[in-house]
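Participant: File follows, start12.tsv with TSV, C-alpha atoms:
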```tsv
chain	number	residue	atom	x	y	z
T	1	ARG	CA	-26.10	5.28	23.27
T	2	ILE	CA	-23.60	7.56	21.58
T	3	PRO	CA	-21.43	5.89	18.90
T	4	GLU	CA	-18.20	6.32	20.92
T	5	LEU	CA	-19.69	4.32	23.79
T	6	ASN	CA	-20.92	1.59	21.44
T	7	ASN	CA	-17.46	1.35	19.88
T	8	ALA	CA	-15.88	1.01	23.32
T	9	LEU	CA	-18.38	-1.69	24.30
T	10	ILE	CA	-17.78	-3.62	21.07
T	11	ASP	CA	-14.04	-3.52	21.74
T	12	LEU	CA	-14.51	-4.54	25.39
T	13	HIS	CA	-16.72	-7.53	24.58
T	14	GLY	CA	-14.30	-8.56	21.84
T	15	LEU	CA	-11.37	-8.51	24.25
T	16	CYS	CA	-13.43	-10.70	26.60
T	17	GLY	CA	-14.15	-13.18	23.80
T	18	ASP	CA	-17.86	-12.32	23.80
T	19	VAL	CA	-18.27	-11.93	20.05
T	20	ASP	CA	-22.04	-12.48	20.15
T	21	THR	CA	-22.61	-9.40	22.31
T	22	ALA	CA	-20.19	-7.34	20.21
T	23	GLU	CA	-22.14	-8.36	17.11
T	24	TYR	CA	-25.46	-7.53	18.76
T	25	ILE	CA	-24.31	-4.01	19.58
T	26	PHE	CA	-22.96	-3.55	16.05
T	27	ASN	CA	-26.04	-4.96	14.31
T	28	HIS	CA	-28.89	-3.85	16.59
T	29	ASP	CA	-27.80	-0.99	18.85
T	30	MET	CA	-26.31	1.16	16.11
T	31	ASP	CA	-27.99	2.83	13.15
T	32	GLU	CA	-26.23	2.47	9.83
T	33	SER	CA	-25.69	6.24	9.87
T	34	GLN	CA	-23.64	5.86	13.08
T	35	LYS	CA	-21.21	3.36	11.58
T	36	ASP	CA	-18.03	5.18	10.61
T	37	PHE	CA	-14.58	3.73	9.91
T	38	ILE	CA	-13.80	3.62	13.65
T	39	CYS	CA	-16.81	1.39	14.25
T	40	ILE	CA	-16.08	-0.80	11.21
T	41	ASN	CA	-12.43	-1.20	12.23
T	42	THR	CA	-13.38	-2.05	15.81
T	43	MET	CA	-15.71	-4.83	14.65
T	44	MET	CA	-13.10	-6.16	12.23
T	45	LYS	CA	-10.52	-6.19	15.03
T	46	VAL	CA	-12.91	-8.15	17.27
T	47	TYR	CA	-13.34	-10.81	14.60
T	48	ILE	CA	-9.61	-11.11	13.86
T	49	GLU	CA	-8.66	-11.35	17.53
T	50	ASN	CA	-11.25	-14.09	18.00
T	51	GLN	CA	-10.08	-16.20	15.04
T	52	LEU	CA	-13.02	-15.18	12.85
T	53	ALA	CA	-11.05	-13.63	10.02
T	54	ASN	CA	-13.60	-14.45	7.31
T	55	GLN	CA	-16.26	-12.46	9.17
T	56	ALA	CA	-13.84	-9.53	9.34
T	57	LEU	CA	-13.53	-9.68	5.56
T	58	LEU	CA	-17.33	-9.73	5.18
T	59	ILE	CA	-17.53	-6.51	7.21
T	60	TYR	CA	-14.72	-5.00	5.13
T	61	ASP	CA	-16.56	-5.74	1.90
T	62	ALA	CA	-19.97	-4.68	3.20
T	63	TYR	CA	-18.73	-1.20	4.19
T	64	ALA	CA	-16.32	-0.56	1.32
T	65	SER	CA	-17.36	3.08	1.02
T	66	ILE	CA	-16.07	4.05	4.48
T	67	HIS	CA	-12.63	2.49	4.70
T	68	ASN	CA	-9.49	4.19	5.93
T	69	GLU	CA	-5.94	2.83	5.93
T	70	THR	CA	-6.50	0.95	9.19
T	71	SER	CA	-9.40	-0.87	7.50
T	72	HIS	CA	-7.02	-2.03	4.75
T	73	ILE	CA	-4.38	-3.11	7.27
T	74	LEU	CA	-6.95	-5.15	9.20
T	75	ALA	CA	-8.29	-6.68	5.98
T	76	ILE	CA	-4.80	-7.75	4.86
T	77	LYS	CA	-4.17	-9.26	8.30
T	78	ALA	CA	-7.49	-11.10	8.04
T	79	CYS	CA	-6.53	-12.42	4.60
T	80	GLY	CA	-3.30	-13.82	6.04
T	81	VAL	CA	-5.10	-15.49	8.96
T	82	ALA	CA	-7.86	-16.88	6.70
T	83	ARG	CA	-5.30	-17.87	4.05
T	84	SER	CA	-7.32	-15.83	1.53
T	85	PHE	CA	-4.20	-15.00	-0.37
T	86	GLU	CA	-5.81	-14.00	-3.66
T	87	LYS	CA	-8.13	-11.57	-1.90
T	88	GLY	CA	-5.19	-10.05	-0.04
T	89	LYS	CA	-3.31	-9.59	-3.30
T	90	GLN	CA	-6.39	-7.94	-4.83
T	91	ILE	CA	-6.56	-5.48	-1.92
T	92	HIS	CA	-2.85	-4.70	-2.35
T	93	LEU	CA	-3.35	-4.17	-6.09
T	94	ARG	CA	-6.15	-1.67	-5.43
T	95	LEU	CA	-4.00	0.16	-2.91
T	96	ALA	CA	-0.95	0.21	-5.17
T	97	ASN	CA	-2.41	3.05	-7.24
T	98	SER	CA	-3.57	5.12	-4.28
T	99	GLY	CA	-0.26	6.82	-3.55
T	100	HIS	CA	1.66	6.95	-0.28
T	101	HIS	CA	1.45	3.97	2.07
T	102	SER	CA	2.28	4.16	5.75
T	103	LEU	CA	5.08	2.06	7.18
T	104	GLN	CA	2.49	0.10	9.18
T	105	LEU	CA	0.73	-0.93	5.98
T	106	LEU	CA	4.00	-1.92	4.32
T	107	ASN	CA	5.01	-3.97	7.36
T	108	THR	CA	1.64	-5.74	7.23
T	109	LEU	CA	2.15	-6.52	3.54
T	110	ILE	CA	5.59	-8.03	4.22
T	111	THR	CA	4.04	-10.35	6.81
T	112	PHE	CA	1.15	-11.18	4.50
T	113	TYR	CA	3.35	-12.11	1.53
T	114	GLY	CA	5.63	-14.10	3.81
T	115	HIS	CA	2.65	-16.19	4.91
T	116	CYS	CA	1.61	-16.52	1.25
T	117	ASN	CA	4.98	-18.16	0.51
T	118	ASP	CA	5.50	-15.25	-1.89
T	119	ILE	CA	8.93	-14.28	-0.61
T	120	GLY	CA	9.68	-12.33	-3.79
T	121	ASN	CA	6.96	-9.77	-3.11
T	122	ALA	CA	7.90	-9.63	0.59
T	123	VAL	CA	11.53	-8.84	-0.29
T	124	GLN	CA	10.47	-6.33	-2.95
T	125	ILE	CA	8.37	-4.37	-0.45
T	126	PHE	CA	11.13	-4.57	2.19
T	127	ASP	CA	13.80	-3.34	-0.23
T	128	ALA	CA	11.59	-0.46	-1.40
T	129	ILE	CA	11.50	0.95	2.13
T	130	SER	CA	14.53	3.16	2.77
T	131	ASP	CA	16.89	1.95	5.48
T	132	ALA	CA	16.25	5.17	7.42
T	133	GLN	CA	12.50	4.49	7.37
T	134	LYS	CA	12.64	0.85	8.43
T	135	ASP	CA	11.79	0.20	12.08
T	136	ILE	CA	12.19	-2.94	14.18
T	137	VAL	CA	8.68	-4.07	13.17
T	138	THR	CA	9.79	-3.97	9.52
T	139	ILE	CA	12.86	-6.06	10.33
T	140	ASN	CA	10.86	-8.55	12.39
T	141	ALA	CA	8.30	-8.93	9.58
T	142	MET	CA	11.09	-9.77	7.12
T	143	LEU	CA	12.78	-12.11	9.62
T	144	GLU	CA	9.48	-13.95	10.06
T	145	ALA	CA	8.94	-14.13	6.29
T	146	PHE	CA	12.39	-15.67	5.78
T	147	CYS	CA	11.92	-18.14	8.64
T	148	PHE	CA	8.39	-19.10	7.53
T	149	ASN	CA	9.75	-19.85	4.04
T	150	GLU	CA	12.68	-21.88	5.44
T	151	MET	CA	15.24	-19.29	4.30
T	152	TYR	CA	17.13	-19.59	7.55
T	153	ALA	CA	20.50	-18.30	6.33
T	154	GLN	CA	18.86	-15.10	5.03
T	155	CYS	CA	17.03	-14.74	8.34
T	156	MET	CA	20.28	-14.96	10.31
T	157	GLN	CA	22.06	-12.61	7.90
T	158	LEU	CA	19.35	-9.96	8.29
T	159	PHE	CA	19.40	-10.27	12.07
T	160	GLU	CA	23.18	-9.73	12.10
T	161	ALA	CA	22.64	-6.49	10.11
T	162	ILE	CA	20.07	-4.97	12.49
T	163	GLU	CA	22.52	-2.90	14.52
T	164	CYS	CA	25.28	-2.18	12.01
T	165	THR	CA	23.16	-1.50	8.92
T	166	TYR	CA	19.86	-0.24	10.30
T	167	GLN	CA	21.07	1.27	13.60
T	168	LEU	CA	18.27	-0.51	15.45
T	169	THR	CA	18.27	-2.69	18.55
T	170	PRO	CA	16.93	-6.26	18.24
T	171	ASP	CA	13.88	-6.94	20.38
T	172	ILE	CA	12.61	-10.16	21.90
T	173	ILE	CA	10.38	-10.93	18.90
T	174	GLY	CA	13.17	-10.79	16.35
T	175	THR	CA	15.55	-12.61	18.67
T	176	ALA	CA	13.07	-15.48	19.12
T	177	ILE	CA	12.62	-15.74	15.35
T	178	VAL	CA	16.34	-15.87	14.60
T	179	LEU	CA	17.01	-18.40	17.37
T	180	GLU	CA	14.34	-20.62	15.82
T	181	ALA	CA	16.10	-20.20	12.45
T	182	CYS	CA	19.42	-21.16	14.07
T	183	ALA	CA	17.84	-24.28	15.56
T	184	ARG	CA	16.22	-25.33	12.29
T	185	GLU	CA	19.41	-24.72	10.31
T	186	ALA	CA	21.50	-26.43	13.02
T	187	ALA	CA	23.54	-23.23	13.13
T	188	PHE	CA	24.51	-23.69	16.74
T	189	GLU	CA	27.53	-21.36	16.63
T	190	CYS	CA	25.34	-18.52	15.38
T	191	GLY	CA	22.76	-19.25	18.08
T	192	GLN	CA	25.43	-19.30	20.79
T	193	ARG	CA	26.91	-16.04	19.51
T	194	ILE	CA	23.51	-14.33	19.70
T	195	TYR	CA	22.90	-15.76	23.17
T	196	HIS	CA	26.27	-14.61	24.49
T	197	ALA	CA	25.79	-11.14	22.96
T	198	MET	CA	22.55	-10.85	24.92
T	199	GLU	CA	24.20	-12.20	28.07
T	200	ASN	CA	26.98	-9.62	27.87
T	201	ASP	CA	24.78	-6.60	27.08
T	202	GLU	CA	22.88	-5.23	30.06
T	203	ASN	CA	20.34	-3.64	27.70
T	204	LYS	CA	19.50	-7.07	26.24
T	205	ARG	CA	20.01	-9.33	29.24
T	206	TRP	CA	16.38	-8.95	30.30
T	207	MET	CA	15.35	-11.08	27.28
T	208	LEU	CA	17.09	-14.17	28.67
```
Using the file provided, produce a representation of the structure as structure tokens.
Facilitator:
Amino acid sequence: RIPELNNALIDLHGLCGDVDTAEYIFNHDMDESQKDFICINTMMKVYIENQLANQALLIYDAYASIHNETSHILAIKACGVARSFEKGKQIHLRLANSGHHSLQLLNTLITFYGHCNDIGNAVQIFDAISDAQKDIVTINAMLEAFCFNEMYAQCMQLFEAIECTYQLTPDIIGTAIVLEACAREAAFECGQRIYHAMENDENKRWML
């Protein structure tokens, strides 16, 4: 089979939870010469989505010579899931000297450091991204980092700044995070204000 078909089959079996068949195709139906970064990333994604993050990291290490940025993003996600925080920091350190990073990679790093309980690095990465470059995924990653580290007031403060400071519209993910922060902080007035703002805005009412 051509590599593109094998990659599609690996992805399909992974989505169906059939990791064994995905592995068989990767290990037995493909020559090593056919394995490019698309194939490696597909297999890593299968492992991560099926709660096998350590296996994703084994693939990442085994094919270190054919990574692209998506490979690094998947590896950092796997480190967060597997709680392999030191390995994730090592990957970030190697990438730090490689020049420009995409916003997707930076967003992934914010989430990773939030889960590491390293809020300092999460905030540093967030602050280094210009306000014009930040998207709602960036904001949600920082909201989650604050909430995960029980910094509920900072989480609510950032949420309040989404529209006025960043000219973005809150989505259902960020709204769920900040409402959890309101509940944990017993900030009922803030929670009610957010709820009523959604109720009175036809563009947000669908989230209720």
Participant: List every residue of range 123-205 of chain T that has an atom at most 12 Å from any atom of range 96-114 of chain T, and for each one report the closest atom pair and its distance in Å to one decimal, counting all atoms listed in the file, with rows sorted by chain and then by increasing residue number, as a tab-separated table.
Facilitator:
```
residue	atom	partner	partner_atom	distance
T:Val123	CA	T:Ile110	CA	7.5
T:Gln124	CA	T:Ile110	CA	8.8
T:Ile125	CA	T:Ile110	CA	6.6
T:Phe126	CA	T:Ile110	CA	6.8
T:Asp127	CA	T:Ile110	CA	10.5
T:Ala128	CA	T:Leu106	CA	9.6
T:Ile129	CA	T:Leu103	CA	8.2
T:Ser130	CA	T:Leu103	CA	10.5
T:Asp131	CA	T:Leu103	CA	11.9
T:Ala132	CA	T:Leu103	CA	11.6
T:Gln133	CA	T:Leu103	CA	7.8
T:Lys134	CA	T:Leu103	CA	7.8
T:Asp135	CA	T:Leu103	CA	8.5
T:Ile136	CA	T:Asn107	CA	10.0
T:Val137	CA	T:Asn107	CA	6.9
T:Thr138	CA	T:Asn107	CA	5.2
T:Ile139	CA	T:Asn107	CA	8.6
T:Asn140	CA	T:Asn107	CA	9.0
T:Ala141	CA	T:Thr111	CA	5.3
T:Met142	CA	T:Ile110	CA	6.5
T:Leu143	CA	T:Thr111	CA	9.3
T:Glu144	CA	T:Thr111	CA	7.3
T:Ala145	CA	T:Gly114	CA	4.1
T:Phe146	CA	T:Gly114	CA	7.2
T:Cys147	CA	T:Gly114	CA	8.9
T:Phe148	CA	T:Gly114	CA	6.8
T:Asn149	CA	T:Gly114	CA	7.1
T:Glu150	CA	T:Gly114	CA	10.6
T:Met151	CA	T:Gly114	CA	10.9
```
Participant: Could you check the closest approach to Met156 in chain T for each of T:Gly80, T:His13, T:Cys190, T:Asp171 and tell me which residue wins, using all atoms listed in the file?
Facilitator: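 Going through T:Gly80, T:His13, T:Cys190, T:Asp171 one by one, the smallest distance to Met156 in chain T is for T:Cys190.
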Participant: Can you tell me, as a list in words, which residues sit within 10 Å of (-12.1, -8.5, -3.0) in the file's frame, using only C-alpha atoms?
Facilitator: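 Counting only C-alpha atoms, I find these residues within 10 Å of (-12.1, -8.5, -3.0): Leu57, Leu58, Tyr60, Asp61, Ala64, Ala75, Ser84, Glu86, Lys87, Gly88, Lys89, Gln90, Ile91 and Arg94 of chain T.
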Participant: Taking only C-alpha atoms into account, name the residue in T:Thr21, T:Thr175, T:Asn27, T:Thr70 that is nearest to Glu160 in chain T.
Facilitator: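 Closest candidate: T:Thr175.
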Participant: What's around Arg193 in chain T at 12 Å? Count all atoms listed in the file, leave out sequence neighbours fewer than 2 positions away in its own chain, and write the answer as JSON, numbers by chain.
Facilitator: {"T": [156, 160, 175, 178, 179, 182, 187, 188, 189, 190, 191, 195, 196, 197, 198, 199, 200]}
Participant: What is the distance between CA of Ala181 in chain T and CA of Gln157 in chain T, in Å to one decimal?
Facilitator: 10.7 Å
Participant: CA of Ala161 in chain T and CA of Glu180 in chain T are how many Å apart?
Facilitator: 17.4 Å
Participant: In Å, how far is it from CA of Gly17 in chain T to CA of Asp36 in chain T?
Facilitator: 22.9 Å
Participant: Would you mind telling me which residue in T:Arg83, T:His28, T:Lys45, T:Lys77 lies nearest to Asp11 in chain T when using only C-alpha atoms?
Facilitator: T:Lys45
Participant: Select, from T:Ile172, T:Ile73, T:Ala78, T:Cys39, the residue with the minimum atom-to-atom distance to Gln55 in chain T, counting all atoms listed in the file.
Facilitator: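 Under the stated criterion, the closest residue is T:Ala78.
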Participant: With distances taken over all atoms listed in the file, which residue among T:Ala8, T:Glu185, T:Gln51, T:Phe85 lies nearest Asp118 in chain T?
Facilitator: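 Among the listed residues, the smallest separation from Asp118 in chain T belongs to T:Phe85.
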Participant: Tell me which protein, DNA and RNA residues are within 10 Å of Val46 in chain T, counting all atoms listed in the file, leaving out same-chain ones fewer than 4 positions away, and put them as a list in words.
Facilitator: Ile10, Asp11, Leu12, His13, Gly14, Leu15, Cys16, Gly17, Asp18, Val19, Ala22, Glu23, Asn41, Thr42, Asn50, Gln51, Leu52, Ala53, Gln55 and Ala56 of chain T
Participant: Nearest residue to Asp29 in chain T out of T:Ala176, T:Ile59, T:Ile76, T:Ile2, using only C-alpha atoms?
Facilitator: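 Looking only at the distances to Asp29 in chain T, the closest residue turns out to be T:Ile2.
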Participant: Could you pull range 116-142 of chain T out of the structure just shown and give N, CA, C and O atoms as a PDB file, in the first residue's frame?
Facilitator:
```
ATOM      1  N   CYS T 116       2.165  21.439  34.822  1.00  0.00           N
ATOM      2  CA  CYS T 116       3.378  21.166  35.614  1.00  0.00           C
ATOM      3  C   CYS T 116       3.372  21.901  36.949  1.00  0.00           C
ATOM      4  O   CYS T 116       4.312  21.767  37.724  1.00  0.00           O
ATOM      5  N   ASN T 117       2.337  22.720  37.186  1.00  0.00           N
ATOM      6  CA  ASN T 117       2.314  23.630  38.334  1.00  0.00           C
ATOM      7  C   ASN T 117       3.447  24.645  38.272  1.00  0.00           C
ATOM      8  O   ASN T 117       3.891  25.170  39.299  1.00  0.00           O
ATOM      9  N   ASP T 118       3.919  24.918  37.049  1.00  0.00           N
ATOM     10  CA  ASP T 118       4.962  25.921  36.830  1.00  0.00           C
ATOM     11  C   ASP T 118       4.292  27.142  36.207  1.00  0.00           C
ATOM     12  O   ASP T 118       4.452  27.433  35.023  1.00  0.00           O
ATOM     13  N   ILE T 119       3.526  27.851  37.024  1.00  0.00           N
ATOM     14  CA  ILE T 119       2.736  28.964  36.509  1.00  0.00           C
ATOM     15  C   ILE T 119       3.625  30.102  36.048  1.00  0.00           C
ATOM     16  O   ILE T 119       3.259  30.870  35.144  1.00  0.00           O
ATOM     17  N   GLY T 120       4.820  30.210  36.615  1.00  0.00           N
ATOM     18  CA  GLY T 120       5.747  31.269  36.216  1.00  0.00           C
ATOM     19  C   GLY T 120       6.123  31.163  34.749  1.00  0.00           C
ATOM     20  O   GLY T 120       6.101  32.161  34.008  1.00  0.00           O
ATOM     21  N   ASN T 121       6.475  29.951  34.306  1.00  0.00           N
ATOM     22  CA  ASN T 121       6.826  29.766  32.897  1.00  0.00           C
ATOM     23  C   ASN T 121       5.608  29.939  31.997  1.00  0.00           C
ATOM     24  O   ASN T 121       5.720  30.473  30.893  1.00  0.00           O
ATOM     25  N   ALA T 122       4.441  29.473  32.460  1.00  0.00           N
ATOM     26  CA  ALA T 122       3.220  29.645  31.670  1.00  0.00           C
ATOM     27  C   ALA T 122       2.937  31.128  31.436  1.00  0.00           C
ATOM     28  O   ALA T 122       2.650  31.549  30.306  1.00  0.00           O
ATOM     29  N   VAL T 123       3.031  31.931  32.488  1.00  0.00           N
ATOM     30  CA  VAL T 123       2.776  33.372  32.380  1.00  0.00           C
ATOM     31  C   VAL T 123       3.838  34.039  31.506  1.00  0.00           C
ATOM     32  O   VAL T 123       3.528  34.920  30.689  1.00  0.00           O
ATOM     33  N   GLN T 124       5.087  33.613  31.660  1.00  0.00           N
ATOM     34  CA  GLN T 124       6.171  34.192  30.859  1.00  0.00           C
ATOM     35  C   GLN T 124       5.930  33.986  29.364  1.00  0.00           C
ATOM     36  O   GLN T 124       6.113  34.904  28.554  1.00  0.00           O
ATOM     37  N   ILE T 125       5.531  32.772  28.990  1.00  0.00           N
ATOM     38  CA  ILE T 125       5.249  32.488  27.576  1.00  0.00           C
ATOM     39  C   ILE T 125       4.043  33.298  27.113  1.00  0.00           C
ATOM     40  O   ILE T 125       4.057  33.892  26.028  1.00  0.00           O
ATOM     41  N   PHE T 126       2.992  33.337  27.928  1.00  0.00           N
ATOM     42  CA  PHE T 126       1.784  34.096  27.583  1.00  0.00           C
ATOM     43  C   PHE T 126       2.116  35.567  27.369  1.00  0.00           C
ATOM     44  O   PHE T 126       1.681  36.174  26.370  1.00  0.00           O
ATOM     45  N   ASP T 127       2.884  36.154  28.288  1.00  0.00           N
ATOM     46  CA  ASP T 127       3.202  37.583  28.203  1.00  0.00           C
ATOM     47  C   ASP T 127       4.107  37.900  27.015  1.00  0.00           C
ATOM     48  O   ASP T 127       4.092  39.028  26.504  1.00  0.00           O
ATOM     49  N   ALA T 128       4.901  36.920  26.586  1.00  0.00           N
ATOM     50  CA  ALA T 128       5.814  37.145  25.454  1.00  0.00           C
ATOM     51  C   ALA T 128       5.086  37.163  24.115  1.00  0.00           C
ATOM     52  O   ALA T 128       5.642  37.628  23.111  1.00  0.00           O
ATOM     53  N   ILE T 129       3.865  36.664  24.083  1.00  0.00           N
ATOM     54  CA  ILE T 129       3.059  36.695  22.863  1.00  0.00           C
ATOM     55  C   ILE T 129       2.361  38.056  22.794  1.00  0.00           C
ATOM     56  O   ILE T 129       1.719  38.470  23.762  1.00  0.00           O
ATOM     57  N   SER T 130       2.496  38.759  21.698  1.00  0.00           N
ATOM     58  CA  SER T 130       1.855  40.070  21.589  1.00  0.00           C
ATOM     59  C   SER T 130       0.338  39.913  21.686  1.00  0.00           C
ATOM     60  O   SER T 130      -0.221  38.879  21.296  1.00  0.00           O
ATOM     61  N   ASP T 131      -0.309  40.957  22.202  1.00  0.00           N
ATOM     62  CA  ASP T 131      -1.768  40.906  22.335  1.00  0.00           C
ATOM     63  C   ASP T 131      -2.429  40.697  20.980  1.00  0.00           C
ATOM     64  O   ASP T 131      -3.449  40.005  20.881  1.00  0.00           O
ATOM     65  N   ALA T 132      -1.862  41.287  19.932  1.00  0.00           N
ATOM     66  CA  ALA T 132      -2.442  41.140  18.594  1.00  0.00           C
ATOM     67  C   ALA T 132      -2.331  39.710  18.080  1.00  0.00           C
ATOM     68  O   ALA T 132      -3.160  39.275  17.271  1.00  0.00           O
ATOM     69  N   GLN T 133      -1.314  38.976  18.560  1.00  0.00           N
ATOM     70  CA  GLN T 133      -1.105  37.607  18.091  1.00  0.00           C
ATOM     71  C   GLN T 133      -1.943  36.597  18.864  1.00  0.00           C
ATOM     72  O   GLN T 133      -2.301  35.542  18.335  1.00  0.00           O
ATOM     73  N   LYS T 134      -2.259  36.900  20.108  1.00  0.00           N
ATOM     74  CA  LYS T 134      -3.007  35.958  20.934  1.00  0.00           C
ATOM     75  C   LYS T 134      -4.350  35.638  20.293  1.00  0.00           C
ATOM     76  O   LYS T 134      -5.038  36.522  19.788  1.00  0.00           O
ATOM     77  N   ASP T 135      -4.731  34.359  20.333  1.00  0.00           N
ATOM     78  CA  ASP T 135      -6.071  33.973  19.889  1.00  0.00           C
ATOM     79  C   ASP T 135      -6.830  33.393  21.079  1.00  0.00           C
ATOM     80  O   ASP T 135      -6.310  33.343  22.199  1.00  0.00           O
ATOM     81  N   ILE T 136      -8.056  32.946  20.853  1.00  0.00           N
ATOM     82  CA  ILE T 136      -8.868  32.470  21.977  1.00  0.00           C
ATOM     83  C   ILE T 136      -8.286  31.191  22.570  1.00  0.00           C
ATOM     84  O   ILE T 136      -8.463  30.914  23.762  1.00  0.00           O
ATOM     85  N   VAL T 137      -7.546  30.420  21.773  1.00  0.00           N
ATOM     86  CA  VAL T 137      -6.885  29.214  22.309  1.00  0.00           C
ATOM     87  C   VAL T 137      -5.805  29.616  23.308  1.00  0.00           C
ATOM     88  O   VAL T 137      -5.627  28.969  24.346  1.00  0.00           O
ATOM     89  N   THR T 138      -5.067  30.683  23.000  1.00  0.00           N
ATOM     90  CA  THR T 138      -4.051  31.210  23.924  1.00  0.00           C
ATOM     91  C   THR T 138      -4.697  31.605  25.246  1.00  0.00           C
ATOM     92  O   THR T 138      -4.203  31.249  26.329  1.00  0.00           O
ATOM     93  N   ILE T 139      -5.789  32.355  25.147  1.00  0.00           N
ATOM     94  CA  ILE T 139      -6.475  32.810  26.361  1.00  0.00           C
ATOM     95  C   ILE T 139      -6.984  31.623  27.169  1.00  0.00           C
ATOM     96  O   ILE T 139      -6.804  31.562  28.399  1.00  0.00           O
ATOM     97  N   ASN T 140      -7.603  30.662  26.488  1.00  0.00           N
ATOM     98  CA  ASN T 140      -8.141  29.497  27.191  1.00  0.00           C
ATOM     99  C   ASN T 140      -7.032  28.696  27.870  1.00  0.00           C
ATOM    100  O   ASN T 140      -7.225  28.170  28.972  1.00  0.00           O
ATOM    101  N   ALA T 141      -5.878  28.589  27.210  1.00  0.00           N
ATOM    102  CA  ALA T 141      -4.748  27.864  27.817  1.00  0.00           C
ATOM    103  C   ALA T 141      -4.311  28.538  29.107  1.00  0.00           C
ATOM    104  O   ALA T 141      -4.026  27.872  30.115  1.00  0.00           O
ATOM    105  N   MET T 142      -4.276  29.885  29.101  1.00  0.00           N
ATOM    106  CA  MET T 142      -3.860  30.614  30.299  1.00  0.00           C
ATOM    107  C   MET T 142      -4.940  30.556  31.375  1.00  0.00           C
ATOM    108  O   MET T 142      -4.632  30.420  32.569  1.00  0.00           O
TER     109      MET T 142
END
```
